[in-house]
Amino acid sequence: MTRPRLGIAGFGAIGRKHAEVIRAHDGADIAGVADPSPEAEAFATAAGLRWYRAPEALMEAMPLDGVIIATPNAQHVPVACHCLARDIPVLIEKPVAESVAAARPLVEAAASSRAAVLVGHHRRHNPRVRAMRDIVRSGRLGRLTAVTALFLIKKPDAYFDVAWRREAGGGPILINLIHDVDSLRFICGEITEVQAMTADGARGFAVEDTAALTLRFAGGALGAVTLSDATPAPWSWEIASGENPIYPHYDEPCYLFAGASASLRAPGLELWDYAGEAGWHAPLRRERLDVADADPLIAQIGHFLDVVAGRAAPEVSLSDALGTLTVIEAIKKAATSGTRVAPQASMEQAT
């Protein structure tokens with residue numbers, strides 16, 4: 001059988017990572033990459049890949065079975081629309097668009113295309129995230145009452161040499177917290193109300209470096225989220241999960257799930273409950289749950305190939321991804337207005 005031929009639009013750090021993952025999966029061939037930068041051309045040439053200046057040129061040069069879109073956020077929608085007009089399935093990096101309203105053309109293109117759209121919230125393919133969802137939704141914790149999430153990390157100064165990372169939309173809410181919001185929606189259910197405060201005093205850029213949030217979930221649980229990309233700390237998914245080897249790994253929590261019957265420390269998956277009569281004077285029992293780790297990016301590529309072949313529907317649909325983006329926009333609105341904000345139906349601004 002002919003191996004699927006995938007194109008990559010955008011060949012910066014994320015695009016190059018996708019190329020590595022495709023080769024590690026070994027279930028598809030990279031037909032070519034598209035990115036106008038000289039650096040991308042040099043990387044593509046060194047990797048033995050065909051290089052094109054624009055995604056349209058890549059699509060016109062050869063038949064493609066799928067395209068991975070890893071361009072800057074503002075280009076996600078136009079590139080995806082070009083693919084869908086040609087009935088080419090797409091895997092779009094998060095966020096699916098720079099705003100829910102900006103996704104309107106993509107929603108329309110997807111509705112009129114025979115091709116599928118998968119959004120790259122890759123953590124959903126992590127076995128630990130799936131285990132967390134299974135534990136919470138199985139009722140093993142009892143009624144979920146409270147959730148704590150942390151994203152505390154130190155980005156190096158050189159990270160901000162890229163101008164857009166110092167400007168609105170370049171802070172940790174849209175770049176990083178969107179992962180955690182998506183994971184929390186996946187594990188705990190929909191977020192129905194948010195409050196937020198932000199600060200930019202650590203660096204003084206025009207974008208936040210720190211934020212504190214409260215969330216209300218549809219099932220009644222409350223959540224507290226603290227994030228800062230300006231502090232030396234091990235309490236973030238990147239460092240606590242060991243998911244990506246470019247980060248040092250420490251066995252520290254970044255999520256805590258509290259239920260009426262038990263609680264869960266994650267990503268280490270420690271379950272805490274009482275062996276006998278419950279109460280704060282009684283000793284707690286701790287159980288470490290075993291989960292076989294796997295690279296979620298490789299699993300995501302495998303799933304995308306199933307989507308391309310028609311063997312599976314996208315696990316992270318366009319509608320689902322817009323639901324996550326809607327919560328992010330509600331957080332920003334809450335931080336600006338100082339009020340509680342209820343995320344609206346994700347399709348309202350896009351349809």
# chains A, B, ... in the order shown; residues from 1 in each chain; ligands from 1

$ select_by_dssp --residues "stretch 57-234 of chain A" --states "strand (DSSP E)" --output "JSON, numbers by chain"
{"A": [66, 67, 68, 69, 90, 91, 92, 93, 117, 118, 119, 120, 144, 145, 146, 147, 148, 149, 150, 151, 152, 191, 192, 193, 194, 195, 196, 197, 198, 199, 210, 211, 212, 213, 214, 215, 216, 217, 222, 223, 224, 225, 226, 227, 228]}

$ residues_around --residues "stretch 24-35 of chain A" --least-positions-apart "4" --cutoff "10 Å" --atoms "only C-alpha atoms" --output "JSON, numbers by chain"
{"A": [2, 3, 4, 5, 6, 7, 8, 9, 10, 11, 12, 15, 16, 18, 19, 20, 39, 40, 41, 44, 48, 49, 50, 51, 52, 53, 54, 55, 56, 57, 58, 59, 61, 62, 63, 64, 65, 66, 67, 68, 69, 70, 71, 297, 298, 299, 300, 301, 302, 305]}

$ closest_residue --among "A:Leu91, A:Ala335, A:Ala101, A:Cys188" --to "A:Ala146" --atoms "only C-alpha atoms"
A:Cys188

$ residues_around --residues "A:Gly171" --least-positions-apart "2" --cutoff "6 Å" --atoms "only C-alpha atoms" --output "PyMOL selection string"
chain A and resi 169+173+207-208

$ closest_residue --among "A:Ile246, A:Val21, A:Ala258, A:Met197" --to "A:Ala334" --atoms "only C-alpha atoms"
A:Met197

$ residues_around --residues "A:Val117" --least-positions-apart "4" --cutoff "8 Å" --atoms "only C-alpha atoms" --output "MDAnalysis selection string"
chainID A and resid 89:92 110 314 317:318

$ select_by_dssp --residues "stretch 21-192 of chain A" --states "alpha helix (DSSP H)" --output "ChimeraX atom specification"
/A:21-25,38-46,55-61,76-85,104-112,127-138,172,178-188

$ residues_around --residues "A:Glu98" --least-positions-apart "4" --cutoff "7 Å" --atoms "only C-alpha atoms" --output "ChimeraX atom specification"
/A:73-74,102

$ write_last_selection --atoms "C-alpha atoms" --output "compact mmCIF listing (two decimals), in the first residue's frame"
# COMPACT_ATOMS: atom_id res chain seq x y z
CA ASN A 73 -1.45 31.70 14.75
CA ALA A 74 -2.85 34.34 12.40
CA ALA A 102 -11.44 34.85 13.29

$ residues_around --residues "stretch 239-241 of chain A" --least-positions-apart "3" --cutoff "10 Å" --atoms "only C-alpha atoms" --output "ChimeraX atom specification"
/A:126,128-129,151-153,233-236,244-255,266-268,293

$ atom_distance --atom1 "atom CA of A:Asp161" --atom2 "atom CA of A:Ala13"
14.8 Å

$ closest_residue --among "A:Val96, A:Ala202, A:Ile22, A:Leu264" --to "A:Arg133" --atoms "only C-alpha atoms"
A:Leu264

$ closest_residue --among "A:Arg166, A:Lys17, A:His125, A:Arg286" --to "A:Tyr274" --atoms "only C-alpha atoms"
A:Arg286
